[in-house]
file work-v7.cif (mmCIF, C-alpha atoms and all ligand atoms; chains and numbers go by the auth columns)
data_my_file
#
loop_
_atom_site.group_PDB
_atom_site.id
_atom_site.type_symbol
_atom_site.label_atom_id
_atom_site.label_comp_id
_atom_site.label_asym_id
_atom_site.label_seq_id
_atom_site.Cartn_x
_atom_site.Cartn_y
_atom_site.Cartn_z
_atom_site.B_iso_or_equiv
_atom_site.auth_seq_id
_atom_site.auth_asym_id
ATOM 1 C CA MET A 1 140.035 -130.627 222.668 0.00 204 L
ATOM 2 C CA ASN A 2 138.191 -127.694 224.150 0.00 205 L
ATOM 3 C CA GLN A 3 139.557 -125.578 226.958 0.00 206 L
ATOM 4 C CA TYR A 4 137.873 -127.769 229.570 0.00 207 L
ATOM 5 C CA GLU A 5 139.910 -130.596 230.972 0.00 208 L
ATOM 6 C CA ASN A 6 137.106 -133.094 231.091 0.00 209 L
ATOM 7 C CA PHE A 7 135.086 -134.579 228.332 0.00 210 L
ATOM 8 C CA CYS A 8 131.927 -132.623 227.409 0.00 211 L
ATOM 9 C CA CYS A 9 129.295 -134.438 225.391 0.00 212 L
ATOM 10 C CA PHE A 10 127.995 -131.169 223.871 0.00 213 L
ATOM 11 C CA CYS A 11 131.347 -129.724 222.818 0.00 214 L
ATOM 12 C CA GLU A 12 132.725 -130.337 219.357 0.00 215 L
ATOM 13 C CA ASP A 13 134.798 -133.466 220.059 0.00 216 L
ATOM 14 C CA GLY A 14 132.320 -135.275 222.245 0.00 217 L
ATOM 15 C CA ARG A 15 129.123 -134.074 220.614 0.00 218 L
ATOM 16 C CA PHE A 16 127.716 -137.335 219.297 0.00 219 L
ATOM 17 C CA HIS A 17 129.696 -139.738 221.463 0.00 220 L
ATOM 18 C CA PHE A 18 126.633 -141.264 223.128 0.00 221 L
ATOM 19 C CA ASN A 19 124.628 -141.372 219.896 0.00 222 L
ATOM 20 C CA MET A 20 127.395 -143.505 218.391 0.00 223 L
ATOM 21 C CA LYS A 21 127.482 -145.708 221.468 0.00 224 L
ATOM 22 C CA ALA A 22 123.742 -146.324 221.192 0.00 225 L
ATOM 23 C CA GLY A 23 123.849 -146.774 217.403 0.00 226 L
ATOM 24 C CA LEU A 24 121.750 -143.627 216.953 0.00 227 L
ATOM 25 C CA PRO A 25 122.301 -140.990 214.264 0.00 228 L
ATOM 26 C CA GLY A 26 124.617 -138.172 215.297 0.00 229 L
ATOM 27 C CA TYR A 27 124.977 -135.125 213.073 0.00 230 L
ATOM 28 C CA GLU A 28 122.013 -136.357 210.997 0.00 231 L
ATOM 29 C CA SER A 29 119.782 -136.025 214.067 0.00 232 L
ATOM 30 C CA LEU A 30 120.110 -132.223 214.089 0.00 233 L
ATOM 31 C CA VAL A 31 116.788 -130.523 213.376 0.00 234 L
ATOM 32 C CA PHE A 32 118.047 -126.937 213.597 0.00 235 L
ATOM 33 C CA ARG A 33 121.438 -125.336 213.320 0.00 236 L
ATOM 34 C CA ASP A 34 122.881 -121.871 212.977 0.00 237 L
ATOM 35 C CA GLU A 35 126.224 -120.438 214.072 0.00 238 L
ATOM 36 C CA ASN A 36 125.117 -120.093 217.724 0.00 239 L
ATOM 37 C CA VAL A 37 122.917 -123.035 218.635 0.00 240 L
ATOM 38 C CA PHE A 38 121.811 -126.426 217.396 0.00 241 L
ATOM 39 C CA ALA A 39 118.789 -128.577 218.236 0.00 242 L
ATOM 40 C CA MET A 40 118.381 -132.343 218.262 0.00 243 L
ATOM 41 C CA PRO A 41 116.274 -134.972 220.003 0.00 244 L
ATOM 42 C CA ASP A 42 117.281 -135.602 223.627 0.00 245 L
ATOM 43 C CA ILE A 43 119.454 -138.754 223.663 0.00 246 L
ATOM 44 C CA ALA A 44 117.022 -140.255 226.200 0.00 247 L
ATOM 45 C CA PRO A 45 113.689 -138.592 225.370 0.00 248 L
ATOM 46 C CA PHE A 46 110.808 -138.907 227.838 0.00 249 L
ATOM 47 C CA VAL A 47 108.343 -138.555 224.969 0.00 250 L
ATOM 48 C CA GLU A 48 108.367 -138.304 221.203 0.00 251 L
ATOM 49 C CA GLY A 49 109.277 -134.718 220.384 0.00 252 L
ATOM 50 C CA HIS A 50 111.611 -134.159 223.346 0.00 253 L
ATOM 51 C CA TYR A 51 114.366 -131.899 222.003 0.00 254 L
ATOM 52 C CA LEU A 52 117.405 -130.086 223.315 0.00 255 L
ATOM 53 C CA ILE A 53 118.592 -126.684 222.176 0.00 256 L
ATOM 54 C CA VAL A 54 122.338 -126.524 222.806 0.00 257 L
ATOM 55 C CA SER A 55 124.760 -123.600 222.599 0.00 258 L
ATOM 56 C CA GLU A 56 127.515 -123.978 220.013 0.00 259 L
ATOM 57 C CA VAL A 57 130.189 -122.772 222.444 0.00 260 L
ATOM 58 C CA HIS A 58 130.612 -124.073 225.966 0.00 261 L
ATOM 59 C CA LEU A 59 128.507 -121.763 228.133 0.00 262 L
ATOM 60 C CA PHE A 60 127.383 -122.985 231.539 0.00 263 L
ATOM 61 C CA SER A 61 123.835 -121.782 230.890 0.00 264 L
ATOM 62 C CA PHE A 62 121.733 -119.661 228.541 0.00 265 L
ATOM 63 C CA GLY A 63 121.683 -117.170 231.405 0.00 266 L
ATOM 64 C CA GLU A 64 125.258 -116.412 230.370 0.00 267 L
ATOM 65 C CA ALA A 65 124.361 -116.066 226.712 0.00 268 L
ATOM 66 C CA ASN A 66 124.437 -112.732 224.895 0.00 269 L
ATOM 67 C CA ALA A 67 121.495 -111.296 222.926 0.00 270 L
ATOM 68 C CA ILE A 68 122.713 -112.817 219.637 0.00 271 L
ATOM 69 C CA ILE A 69 122.816 -116.334 221.061 0.00 272 L
ATOM 70 C CA LEU A 70 119.438 -115.825 222.774 0.00 273 L
ATOM 71 C CA ASN A 71 117.983 -114.723 219.469 0.00 274 L
ATOM 72 C CA SER A 72 119.187 -117.975 217.869 0.00 275 L
ATOM 73 C CA HIS A 73 117.811 -119.911 220.832 0.00 276 L
ATOM 74 C CA GLU A 74 114.401 -118.350 220.274 0.00 277 L
ATOM 75 C CA LYS A 75 114.546 -119.118 216.554 0.00 278 L
ATOM 76 C CA ALA A 76 115.328 -122.767 217.322 0.00 279 L
ATOM 77 C CA ARG A 77 112.555 -122.937 219.928 0.00 280 L
ATOM 78 C CA LYS A 78 109.988 -121.494 217.519 0.00 281 L
ATOM 79 C CA HIS A 79 111.098 -123.946 214.865 0.00 282 L
ATOM 80 C CA LEU A 80 110.484 -126.847 217.260 0.00 283 L
ATOM 81 C CA VAL A 81 107.182 -125.472 218.537 0.00 284 L
ATOM 82 C CA ASN A 82 105.928 -125.055 214.971 0.00 285 L
ATOM 83 C CA SER A 83 107.103 -128.483 213.851 0.00 286 L
ATOM 84 C CA ASN A 84 104.780 -131.236 212.813 0.00 287 L
ATOM 85 C CA VAL A 85 105.965 -133.387 215.720 0.00 288 L
ATOM 86 C CA LEU A 86 104.910 -130.866 218.351 0.00 289 L
ATOM 87 C CA ASP A 87 102.251 -128.674 216.797 0.00 290 L
ATOM 88 C CA THR A 88 99.047 -129.854 218.454 0.00 291 L
ATOM 89 C CA LYS A 89 100.427 -130.170 221.961 0.00 292 L
ATOM 90 C CA ARG A 90 101.333 -127.974 224.906 0.00 293 L
ATOM 91 C CA ILE A 91 105.029 -127.217 225.000 0.00 294 L
ATOM 92 C CA LEU A 92 107.219 -127.070 228.083 0.00 295 L
ATOM 93 C CA THR A 93 110.543 -125.226 227.811 0.00 296 L
ATOM 94 C CA LEU A 94 112.882 -126.080 230.666 0.00 297 L
ATOM 95 C CA GLU A 95 116.479 -125.313 231.538 0.00 298 L
ATOM 96 C CA HIS A 96 118.671 -126.088 234.517 0.00 299 L
ATOM 97 C CA GLY A 97 121.307 -123.408 234.392 0.00 300 L
ATOM 98 C CA SER A 98 124.704 -123.978 235.923 0.00 301 L
ATOM 99 C CA THR A 99 127.252 -121.322 236.850 0.00 302 L
ATOM 100 C CA SER A 100 130.408 -123.347 237.224 0.00 303 L
ATOM 101 C CA LYS A 101 131.755 -126.808 236.731 0.00 304 L
ATOM 102 C CA GLY A 102 130.095 -129.256 239.082 0.00 305 L
ATOM 103 C CA SER A 103 127.393 -126.988 240.473 0.00 306 L
ATOM 104 C CA GLY A 104 124.913 -129.802 240.367 0.00 307 L
ATOM 105 C CA VAL A 105 123.817 -130.371 236.804 0.00 308 L
ATOM 106 C CA CYS A 106 125.173 -133.471 235.123 0.00 309 L
ATOM 107 C CA ILE A 107 125.950 -131.747 231.831 0.00 310 L
ATOM 108 C CA ASP A 108 127.149 -128.228 232.529 0.00 311 L
ATOM 109 C CA HIS A 109 126.983 -127.105 228.897 0.00 312 L
ATOM 110 C CA ALA A 110 123.984 -124.815 228.235 0.00 313 L
ATOM 111 C CA HIS A 111 121.005 -126.770 226.933 0.00 314 L
ATOM 112 C CA THR A 112 117.240 -126.248 227.051 0.00 315 L
ATOM 113 C CA HIS A 113 114.691 -129.042 227.025 0.00 316 L
ATOM 114 C CA VAL A 114 111.675 -128.479 224.730 0.00 317 L
ATOM 115 C CA LEU A 115 108.922 -131.090 224.833 0.00 318 L
ATOM 116 C CA PRO A 116 105.164 -131.563 224.578 0.00 319 L
ATOM 117 C CA VAL A 117 103.345 -132.218 227.850 0.00 320 L
ATOM 118 C CA PRO A 118 99.786 -133.453 228.489 0.00 321 L
ATOM 119 C CA ASN A 119 97.135 -131.231 230.104 0.00 322 L
ATOM 120 C CA GLU A 120 97.712 -132.796 233.536 0.00 323 L
ATOM 121 C CA VAL A 121 101.160 -131.195 233.662 0.00 324 L
ATOM 122 C CA SER A 122 100.306 -127.808 235.111 0.00 325 L
ATOM 123 C CA VAL A 123 102.401 -124.884 236.237 0.00 326 L
ATOM 124 C CA SER A 124 101.405 -125.630 239.844 0.00 327 L
ATOM 125 C CA ILE A 125 102.574 -129.269 239.677 0.00 328 L
ATOM 126 C CA ILE A 126 105.973 -128.101 238.427 0.00 329 L
ATOM 127 C CA ASP A 127 106.155 -125.383 241.078 0.00 330 L
ATOM 128 C CA GLU A 128 105.231 -127.815 243.848 0.00 331 L
ATOM 129 C CA PHE A 129 107.999 -130.203 242.843 0.00 332 L
ATOM 130 C CA ILE A 130 110.676 -127.501 242.701 0.00 333 L
ATOM 131 C CA VAL A 131 109.647 -125.841 245.965 0.00 334 L
ATOM 132 C CA HIS A 132 109.393 -129.178 247.763 0.00 335 L
ATOM 133 C CA ARG A 133 112.849 -130.295 246.584 0.00 336 L
ATOM 134 C CA THR A 134 114.713 -127.014 246.909 0.00 337 L
ATOM 135 C CA GLY A 135 112.799 -124.579 249.119 0.00 338 L
ATOM 136 C CA SER A 136 113.496 -121.920 246.477 0.00 339 L
ATOM 137 C CA LYS A 137 111.155 -119.056 245.620 0.00 340 L
ATOM 138 C CA LYS A 138 109.796 -118.397 242.165 0.00 341 L
ATOM 139 C CA VAL A 139 110.851 -115.259 240.281 0.00 342 L
ATOM 140 C CA ARG A 140 108.876 -114.159 237.205 0.00 343 L
ATOM 141 C CA VAL A 141 111.385 -113.371 234.470 0.00 344 L
ATOM 142 C CA SER A 142 112.042 -113.326 230.772 0.00 345 L
ATOM 143 C CA ARG A 143 115.182 -114.820 229.226 0.00 346 L
ATOM 144 C CA GLU A 144 116.942 -111.453 229.288 0.00 347 L
ATOM 145 C CA CYS A 145 116.340 -111.152 233.023 0.00 348 L
ATOM 146 C CA ILE A 146 117.968 -114.503 233.707 0.00 349 L
ATOM 147 C CA TYR A 147 121.109 -112.967 232.274 0.00 350 L
ATOM 148 C CA ASN A 148 120.873 -110.184 234.835 0.00 351 L
ATOM 149 C CA ASP A 149 120.302 -112.526 237.699 0.00 352 L
ATOM 150 C CA ILE A 150 123.097 -114.913 236.785 0.00 353 L
ATOM 151 C CA GLU A 151 125.583 -112.149 237.566 0.00 354 L
ATOM 152 C CA GLU A 152 125.031 -113.252 241.147 0.00 355 L
ATOM 153 C CA LYS A 153 126.303 -116.667 240.094 0.00 356 L
ATOM 154 C CA LYS A 154 123.350 -118.738 241.113 0.00 357 L
ATOM 155 C CA PRO A 155 122.402 -121.892 239.309 0.00 358 L
ATOM 156 C CA TYR A 156 118.727 -121.871 238.404 0.00 359 L
ATOM 157 C CA VAL A 157 115.794 -123.752 236.982 0.00 360 L
ATOM 158 C CA TYR A 158 113.928 -121.807 234.293 0.00 361 L
ATOM 159 C CA TYR A 159 110.724 -122.806 232.578 0.00 362 L
ATOM 160 C CA GLU A 160 108.015 -121.569 230.222 0.00 363 L
ATOM 161 C CA LEU A 161 104.565 -123.123 230.070 0.00 364 L
ATOM 162 C CA ASP A 162 101.080 -121.756 229.326 0.00 365 L
ATOM 163 C CA GLY A 163 102.405 -118.202 228.990 0.00 366 L
ATOM 164 C CA GLU A 164 104.194 -118.385 232.356 0.00 367 L
ATOM 165 C CA SER A 165 107.922 -117.606 232.252 0.00 368 L
ATOM 166 C CA CYS A 166 109.857 -117.935 235.490 0.00 369 L
ATOM 167 C CA MET A 167 112.977 -119.116 237.232 0.00 370 L
ATOM 168 C CA TYR A 168 113.982 -120.479 240.597 0.00 371 L
ATOM 169 C CA PRO A 169 117.454 -119.518 241.825 0.00 372 L
ATOM 170 C CA ILE A 170 118.963 -122.622 243.391 0.00 373 L
ATOM 171 C CA TYR A 171 122.374 -122.754 245.020 0.00 374 L
ATOM 172 C CA ALA A 172 123.033 -126.457 244.615 0.00 375 L
ATOM 173 C CA LEU A 173 121.120 -128.402 242.035 0.00 376 L
ATOM 174 C CA THR A 174 121.102 -132.125 242.575 0.00 377 L
ATOM 175 C CA SER A 175 122.329 -134.187 239.657 0.00 378 L
ATOM 176 C CA GLN A 176 119.772 -134.613 236.858 0.00 379 L
ATOM 177 C CA PHE A 177 117.292 -132.366 238.671 0.00 380 L
ATOM 178 C CA THR A 178 115.500 -131.504 235.428 0.00 381 L
ATOM 179 C CA ARG A 179 115.149 -135.143 234.436 0.00 382 L
ATOM 180 C CA ASN A 180 113.858 -135.920 237.928 0.00 383 L
ATOM 181 C CA LEU A 181 111.311 -133.159 237.518 0.00 384 L
ATOM 182 C CA LEU A 182 110.249 -134.398 234.077 0.00 385 L
ATOM 183 C CA ALA A 183 109.942 -137.991 235.299 0.00 386 L
ATOM 184 C CA HIS A 184 107.789 -136.802 238.201 0.00 387 L
ATOM 185 C CA VAL A 185 105.359 -134.707 236.152 0.00 388 L
ATOM 186 C CA LEU A 186 105.161 -137.239 233.298 0.00 389 L
ATOM 187 C CA GLY A 187 104.740 -140.235 235.609 0.00 390 L
ATOM 188 C CA SER A 188 107.920 -141.999 234.427 0.00 391 L
ATOM 189 C CA THR A 189 109.761 -144.342 236.790 0.00 392 L
ATOM 190 C CA GLU A 190 113.003 -143.839 234.854 0.00 393 L
ATOM 191 C CA TYR A 191 114.903 -140.578 234.765 0.00 394 L
ATOM 192 C CA ARG A 192 118.643 -141.263 234.336 0.00 395 L
ATOM 193 C CA TRP A 193 119.680 -140.575 230.750 0.00 396 L
ATOM 194 C CA GLY A 194 122.733 -142.851 231.119 0.00 397 L
ATOM 195 C CA GLU A 195 120.353 -145.792 231.507 0.00 398 L
ATOM 196 C CA MET A 196 117.458 -144.693 229.310 0.00 399 L
ATOM 197 C CA TYR A 197 119.405 -144.078 226.112 0.00 400 L
ATOM 198 C CA LYS A 198 120.302 -147.764 225.858 0.00 401 L
ATOM 199 C CA HIS A 199 116.663 -148.884 225.758 0.00 402 L
ATOM 200 C CA GLU A 200 114.808 -149.517 222.545 0.00 403 L
ATOM 201 C CA LYS A 201 111.684 -147.670 223.722 0.00 404 L
ATOM 202 C CA TYR A 202 113.559 -144.384 224.122 0.00 405 L
ATOM 203 C CA GLN A 203 115.639 -144.978 221.002 0.00 406 L
ATOM 204 C CA ASN A 204 112.381 -145.211 219.069 0.00 407 L
ATOM 205 C CA TYR A 205 111.228 -141.900 220.553 0.00 408 L
ATOM 206 C CA PHE A 206 114.560 -140.448 219.416 0.00 409 L
ATOM 207 C CA ARG A 207 114.190 -141.714 215.863 0.00 410 L
ATOM 208 C CA ARG A 208 110.599 -140.550 215.580 0.00 411 L
ATOM 209 C CA SER A 209 111.579 -137.116 216.909 0.00 412 L
ATOM 210 C CA MET A 210 113.934 -136.794 213.958 0.00 413 L
ATOM 211 C CA SER A 211 111.008 -136.941 211.556 0.00 414 L
ATOM 212 C CA ILE A 212 110.369 -133.233 212.002 0.00 415 L
ATOM 213 C CA GLU A 213 108.836 -131.834 208.850 0.00 416 L
ATOM 214 C CA LYS A 214 111.422 -129.288 207.818 0.00 417 L
ATOM 215 C CA LEU A 215 115.006 -129.285 208.904 0.00 418 L
ATOM 216 C CA LEU A 216 116.204 -125.771 209.354 0.00 419 L
ATOM 217 C CA PHE A 217 119.799 -124.850 208.782 0.00 420 L
ATOM 218 C CA VAL A 218 120.426 -121.146 208.657 0.00 421 L
HETATM 219 ZN ZN ZN B . 130.750 -128.266 226.403 0.00 501 C
HETATM 220 ZN ZN ZN B . 119.346 -131.504 230.817 0.00 502 C
#

call {"tool": "encode", "arguments": {"input": "work-v7.cif", "output": "structure tokens"}}
result
Amino acid sequence: MNQYENFCCFCEDGRFHFNMKAGLPGYESLVFRDENVFAMPDIAPFVEGHYLIVSEVHLFSFGEANAIILNSHEKARKHLVNSNVLDTKRILTLEHGSTSKGSGVCIDHAHTHVLPVPNEVSVSIIDEFIVHRTGSKKVRVSRECIYNDIEEKKPYVYYELDGESCMYPIYALTSQFTRNLLAHVLGSTEYRWGEMYKHEKYQNYFRRSMSIEKLLFV
């Protein structure tokens, strides 16, 4: 077991628990791995090519990550962006960062969503949703600056799209905020991963997302 009392589905012991439950590949679904991060299809992908980059150790967010881990994160992200599954589409990078157990996110182990989005999904649509739901103000940042800001122990939503890189500090994130946001901008009526991963439609997205051209293990 890890040092955390409760089960974590991204820590060593629980890592592929839900994949097994759904009859989906576990370790074989990894499309990138080094000593700091690994990447795999989201267990309940909104679209084909919806991946997660996950920290190897239990961090609450990538805002807490050191430069070495962030470097691995960037390597994994580039690998996904350059993959055959994603290459012709616009890519959204999205993270809901937590700062402590139970500060709103449903899985408080650092993970970033990377997925292709259609042209209708603009920076302003994402901003509108976040501001409307949280009243937070946008801060233009790079990954390294999130690390600085997290010293104040604020959970946040961070995203990159169309060359924009920004975060919203948010004191209390509602559960599955990121999935709510993705469902809203992608026009999906479903958002809860605990329901979606059982459905064949999303399982097919998962399997097709595994067909990335080159697996990268470094
Ligand atoms: Zn964990
Ligand atoms: Zn998430």

call {"tool": "closest_residue", "arguments": {"input": "work-v7.cif", "among": "L:Leu384, L:Leu389, L:Leu376, L:Val260", "to": "L:Phe332", "atoms": "only C-alpha atoms"}}
result
L:Leu384

call {"tool": "resolve_selection", "arguments": {"input": "work-v7.cif", "expression": "the PyMOL selection byres (((chain L and resi 212) around 12) and not hetatm)", "output": "NGL selection string"}}
result
:L and (204-205 or 207 or 209-211 or 213-223 or 229 or 246 or 257 or 259 or 261 or 309-314)

call {"tool": "residues_near_point", "arguments": {"input": "work-v7.cif", "point": "(107.8, -138.2, 235.6)", "cutoff": "12 Å", "atoms": "only C-alpha atoms", "output": "PyMOL selection string"}}
result
chain L and resi 248-250+320-321+323-324+328-329+332+380-395

call {"tool": "atom_distance", "arguments": {"input": "work-v7.cif", "atom1": "atom CA of L:Leu295", "atom2": "atom CA of L:Leu364"}}
result
5.2 Å

call {"tool": "residues_around", "arguments": {"input": "work-v7.cif", "residues": "L:Ile256", "least_positions_apart": "6", "cutoff": "7 Å", "atoms": "all atoms listed in the file", "output": "PyMOL selection string"}}
result
chain L and resi 240-243+276+314-316

call {"tool": "atom_distance", "arguments": {"input": "work-v7.cif", "atom1": "atom CA of L:Ser275", "atom2": "atom CA of L:Arg293"}}
result
21.6 Å

call {"tool": "closest_residue", "arguments": {"input": "work-v7.cif", "among": "L:Ser412, L:Ser258, L:Asn407, L:Asn285", "to": "L:Gly226", "atoms": "all atoms listed in the file"}}
result
L:Asn407

call {"tool": "closest_residue", "arguments": {"input": "work-v7.cif", "among": "L:Glu238, L:Glu363, L:Ile373, L:Cys348", "to": "L:Ile271", "atoms": "all atoms listed in the file"}}
result
L:Glu238

call {"tool": "resolve_selection", "arguments": {"input": "work-v7.cif", "expression": "the PyMOL selection byres (((chain L and resi 344) around 6) and not hetatm)", "output": "ChimeraX atom specification"}}
result
/L:343,345,348,368-369

call {"tool": "decode", "arguments": {"input": "work-v7.cif", "residues": "stretch 276-287 of chain L", "atoms": "N, CA and C atoms", "output": "CSV table (one decimal), in the first residue's frame"}}
result
chain,number,residue,atom,x,y,z
L,276,HIS,N,6.8,15.2,-18.1
L,276,HIS,CA,5.4,15.5,-18.5
L,276,HIS,C,5.3,16.1,-19.9
L,277,GLU,N,6.3,17.0,-20.2
L,277,GLU,CA,6.3,17.7,-21.5
L,277,GLU,C,6.7,16.7,-22.6
L,278,LYS,N,7.6,15.8,-22.3
L,278,LYS,CA,8.0,14.7,-23.2
L,278,LYS,C,6.8,13.9,-23.6
L,279,ALA,N,6.0,13.5,-22.6
L,279,ALA,CA,4.8,12.6,-22.8
L,279,ALA,C,3.8,13.4,-23.6
L,280,ARG,N,3.6,14.7,-23.3
L,280,ARG,CA,2.6,15.5,-24.0
L,280,ARG,C,3.0,15.6,-25.5
L,281,LYS,N,4.3,15.8,-25.7
L,281,LYS,CA,4.7,16.0,-27.1
L,281,LYS,C,4.5,14.7,-27.9
L,282,HIS,N,4.8,13.6,-27.2
L,282,HIS,CA,4.6,12.3,-27.8
L,282,HIS,C,3.2,12.1,-28.2
L,283,LEU,N,2.2,12.5,-27.3
L,283,LEU,CA,0.8,12.3,-27.6
L,283,LEU,C,0.4,13.3,-28.8
L,284,VAL,N,0.9,14.5,-28.7
L,284,VAL,CA,0.5,15.5,-29.7
L,284,VAL,C,1.0,15.1,-31.1
L,285,ASN,N,2.2,14.4,-31.1
L,285,ASN,CA,2.7,14.0,-32.4
L,285,ASN,C,2.3,12.6,-32.9
L,286,SER,N,1.4,12.0,-32.1
L,286,SER,CA,1.0,10.7,-32.4
L,286,SER,C,0.0,10.7,-33.6
L,287,ASN,N,-0.1,9.5,-34.2
L,287,ASN,CA,-1.0,9.4,-35.4
L,287,ASN,C,-2.4,9.5,-35.0
